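In what follows, a single structure is set out as structure tokens and then discussed.
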Amino acid sequence: MVDFTFHHGAVSVPSLDEAADWYGRVMGFSVEKKFEIPAISARVAMLRKGPLRMEVFEVTNAAPLPDDRRVPNRDLQTHGNKHVAFRVADLDATIAELEAMGVEIVFVVREKYGSGAFIRDCAGNLIEFVCEPED
């Protein structure tokens, strides 16, 4: 079995600067480094919050996120990566804090196995906050 640890999630956005600002203001990430990948005409920022990293790509002439990929239940009907999820201790407090910042809560699920809330970043990419029940 291959031994590994999590390093980062990645999203593509229309504006690298707007996304870096949004992830900083809403989620507390800061820019760890910026670089370019000329072969794909991309500007890239690695954002970091403690041990967590998000890689953000701005690629020239990239297609916009399709509407179905912006809605959690419809997104599941398309193969591929779905979203990143972050664990929180109190989902209701997290939702209240996000709403106070003007972040739209897209979908909330509350089940015996746990609860979650989906938001969209400034480019429409889905992000989930999960709260698992106490054992």
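We name chains A, B, ... following the order of the structure tokens; residues begin at 1 in each chain, and ligands are numbered from 1 as shown.
DSSP secondary structure from the backbone places A:Leu16, A:Asp17, A:Glu18, A:Ala19, A:Ala20, A:Asp21, A:Trp22, A:Tyr23, A:Gly24, A:Arg25, A:Val26, A:Met27, A:Pro72, A:Asn73, A:Arg74, A:Asp75, A:Leu91, A:Asp92, A:Ala93, A:Thr94, A:Ile95, A:Ala96, A:Glu97, A:Leu98, A:Glu99, A:Ala100 of chain A in alpha helix (DSSP H).
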For the selection you just gave me, I'd like the residues written to a file as a JSON list (two decimals), in the first residue's frame, keeping N, CA and C atoms.
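Everything below was put into result-v4.json:
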```json
[["chain", "number", "residue", "atom", "x", "y", "z"],
["A", 16, "LEU", "N", -7.57, 35.07, -10.51],
["A", 16, "LEU", "CA", -6.71, 34.62, -9.42],
["A", 16, "LEU", "C", -6.72, 35.60, -8.25],
["A", 17, "ASP", "N", -6.63, 36.88, -8.54],
["A", 17, "ASP", "CA", -6.59, 37.88, -7.48],
["A", 17, "ASP", "C", -7.89, 37.91, -6.69],
["A", 18, "GLU", "N", -9.03, 37.84, -7.39],
["A", 18, "GLU", "CA", -10.32, 37.82, -6.70],
["A", 18, "GLU", "C", -10.46, 36.58, -5.83],
["A", 19, "ALA", "N", -10.03, 35.44, -6.34],
["A", 19, "ALA", "CA", -10.12, 34.20, -5.57],
["A", 19, "ALA", "C", -9.20, 34.22, -4.35],
["A", 20, "ALA", "N", -7.97, 34.71, -4.51],
["A", 20, "ALA", "CA", -7.06, 34.78, -3.38],
["A", 20, "ALA", "C", -7.64, 35.68, -2.29],
["A", 21, "ASP", "N", -8.25, 36.78, -2.70],
["A", 21, "ASP", "CA", -8.92, 37.66, -1.74],
["A", 21, "ASP", "C", -10.08, 36.96, -1.05],
["A", 22, "TRP", "N", -10.93, 36.28, -1.83],
["A", 22, "TRP", "CA", -12.11, 35.59, -1.27],
["A", 22, "TRP", "C", -11.69, 34.51, -0.28],
["A", 23, "TYR", "N", -10.73, 33.65, -0.67],
["A", 23, "TYR", "CA", -10.29, 32.57, 0.22],
["A", 23, "TYR", "C", -9.61, 33.13, 1.48],
["A", 24, "GLY", "N", -9.00, 34.28, 1.37],
["A", 24, "GLY", "CA", -8.41, 34.92, 2.54],
["A", 24, "GLY", "C", -9.46, 35.51, 3.45],
["A", 25, "ARG", "N", -10.37, 36.27, 2.88],
["A", 25, "ARG", "CA", -11.41, 36.97, 3.66],
["A", 25, "ARG", "C", -12.42, 36.00, 4.28],
["A", 26, "VAL", "N", -12.87, 35.02, 3.52],
["A", 26, "VAL", "CA", -13.93, 34.12, 3.98],
["A", 26, "VAL", "C", -13.38, 32.94, 4.77],
["A", 27, "MET", "N", -12.25, 32.40, 4.34],
["A", 27, "MET", "CA", -11.78, 31.15, 4.94],
["A", 27, "MET", "C", -10.44, 31.25, 5.67],
["A", 72, "PRO", "N", -25.01, 21.11, -5.59],
["A", 72, "PRO", "CA", -24.48, 19.84, -5.08],
["A", 72, "PRO", "C", -25.16, 18.58, -5.63],
["A", 73, "ASN", "N", -26.47, 18.49, -5.58],
["A", 73, "ASN", "CA", -27.13, 17.26, -6.02],
["A", 73, "ASN", "C", -27.00, 17.04, -7.53],
["A", 74, "ARG", "N", -27.05, 18.11, -8.31],
["A", 74, "ARG", "CA", -26.89, 17.96, -9.77],
["A", 74, "ARG", "C", -25.44, 17.66, -10.13],
["A", 75, "ASP", "N", -24.51, 18.20, -9.37],
["A", 75, "ASP", "CA", -23.09, 17.96, -9.64],
["A", 75, "ASP", "C", -22.75, 16.48, -9.52],
["A", 91, "LEU", "N", -21.71, 23.37, 13.22],
["A", 91, "LEU", "CA", -22.19, 23.74, 11.90],
["A", 91, "LEU", "C", -23.06, 24.99, 11.92],
["A", 92, "ASP", "N", -23.96, 25.09, 12.90],
["A", 92, "ASP", "CA", -24.85, 26.26, 12.96],
["A", 92, "ASP", "C", -24.06, 27.55, 13.15],
["A", 93, "ALA", "N", -23.04, 27.52, 13.99],
["A", 93, "ALA", "CA", -22.21, 28.72, 14.19],
["A", 93, "ALA", "C", -21.44, 29.05, 12.92],
["A", 94, "THR", "N", -20.98, 28.03, 12.21],
["A", 94, "THR", "CA", -20.27, 28.25, 10.95],
["A", 94, "THR", "C", -21.19, 28.87, 9.91],
["A", 95, "ILE", "N", -22.40, 28.34, 9.79],
["A", 95, "ILE", "CA", -23.38, 28.88, 8.85],
["A", 95, "ILE", "C", -23.66, 30.35, 9.18],
["A", 96, "ALA", "N", -23.88, 30.64, 10.46],
["A", 96, "ALA", "CA", -24.17, 32.03, 10.87],
["A", 96, "ALA", "C", -23.01, 32.96, 10.52],
["A", 97, "GLU", "N", -21.79, 32.50, 10.76],
["A", 97, "GLU", "CA", -20.61, 33.33, 10.46],
["A", 97, "GLU", "C", -20.48, 33.57, 8.96],
["A", 98, "LEU", "N", -20.70, 32.53, 8.16],
["A", 98, "LEU", "CA", -20.62, 32.67, 6.71],
["A", 98, "LEU", "C", -21.71, 33.61, 6.19],
["A", 99, "GLU", "N", -22.93, 33.46, 6.69],
["A", 99, "GLU", "CA", -24.02, 34.34, 6.27],
["A", 99, "GLU", "C", -23.73, 35.79, 6.64],
["A", 100, "ALA", "N", -23.11, 36.02, 7.81],
["A", 100, "ALA", "CA", -22.77, 37.38, 8.23],
["A", 100, "ALA", "C", -21.76, 38.02, 7.29]]
```
Report task. Write down as a ChimeraX atom specification the residues of segment 2-134 of chain A whose backbone DSSP state falls under strand (DSSP E). Result -> /A:9-12,30-37,42-49,52-59,84-87,105-111,114-120,126-131
Query raised in the report: Of the residues A:Ala89, A:Val13, A:Leu47, A:Ile127, which is the one nearest to Ser30 of chain A, using only C-alpha atoms?
Result: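 Comparing A:Ala89, A:Val13, A:Leu47, A:Ile127 against Ser30 of chain A, the winner is A:Leu47.
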Query raised in the report: Which of these, A:Leu52, A:Leu65, A:Val84, A:Met1, has the shortest distance to Ala117 of chain A once you count only C-alpha atoms?
Result: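 Closest candidate: A:Val84.
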Requested in this report: Quote the spacing between atom CA of Met54 of chain A and atom CA of Gly124 of chain A in Å to one decimal place.
Outcome: 15.2 Å
Requested in this report: Skip Phe118 of chain A itself and residues of its chain fewer than 2 positions away, then list as JSON, numbers by chain all residues within 10 Å of it, counting only C-alpha atoms.
Outcome: {"A": [71, 72, 83, 84, 85, 95, 104, 105, 106, 107, 108, 109, 116, 120, 121, 125, 126, 127, 128, 129, 130]}
Go ahead and save the picked residues with C-alpha atoms, as a short mmCIF file (atom, residue, chain, number, x, y, z; two decimals), in the first residue's frame.
```cif
data_model
loop_
_atom_site.label_atom_id
_atom_site.label_comp_id
_atom_site.auth_asym_id
_atom_site.auth_seq_id
_atom_site.Cartn_x
_atom_site.Cartn_y
_atom_site.Cartn_z
CA VAL A 71 -25.54 22.68 -7.42
CA PRO A 72 -24.48 19.84 -5.08
CA HIS A 83 -15.85 19.49 -3.88
CA VAL A 84 -13.49 19.98 -0.97
CA ALA A 85 -14.80 19.58 2.57
CA ILE A 95 -23.38 28.88 8.85
CA GLU A 104 -24.61 32.15 0.17
CA ILE A 105 -25.47 28.85 1.85
CA VAL A 106 -26.35 26.60 -1.10
CA PHE A 107 -27.46 23.38 0.57
CA VAL A 108 -27.66 22.04 4.14
CA VAL A 109 -28.01 18.37 5.05
CA GLY A 116 -22.99 19.55 6.25
CA ARG A 120 -19.79 28.41 -3.45
CA ASP A 121 -16.54 30.30 -3.74
CA ASN A 125 -16.83 26.06 -6.99
CA LEU A 126 -18.53 24.03 -4.25
CA ILE A 127 -17.07 23.87 -0.73
CA GLU A 128 -18.59 21.81 2.09
CA PHE A 129 -18.33 22.25 5.84
CA VAL A 130 -19.07 19.05 7.77
#
```
Requested in this report: To one decimal in Å, tell me the separation between atom CA of Phe29 of chain A and atom CA of Gly50 of chain A.
Outcome: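 Going from atom CA of Phe29 of chain A over to atom CA of Gly50 of chain A, I get 8.4 Å.
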Query raised in the report: What is the atom CA of Glu111 of chain A-atom CA of Asp67 of chain A distance in Å, reported with one decimal?
Result: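 Value for the atom CA of Glu111 of chain A-atom CA of Asp67 of chain A distance: 26.4 Å.
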Query raised in the report: For Lys49 of chain A, which residue among A:Ala123, A:Gly28, A:Phe4, A:Arg87 is the nearest when counting only C-alpha atoms?
Result: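 Under the stated criterion, the closest residue is A:Gly28.
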Requested in this report: Kindly indicate which residue among A:Cys122, A:Leu76, A:Val88, A:Cys131 lies nearest to Val11 of chain A, using only C-alpha atoms for the distances.
Outcome: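 Result for the nearest residue to Val11 of chain A: A:Cys122.
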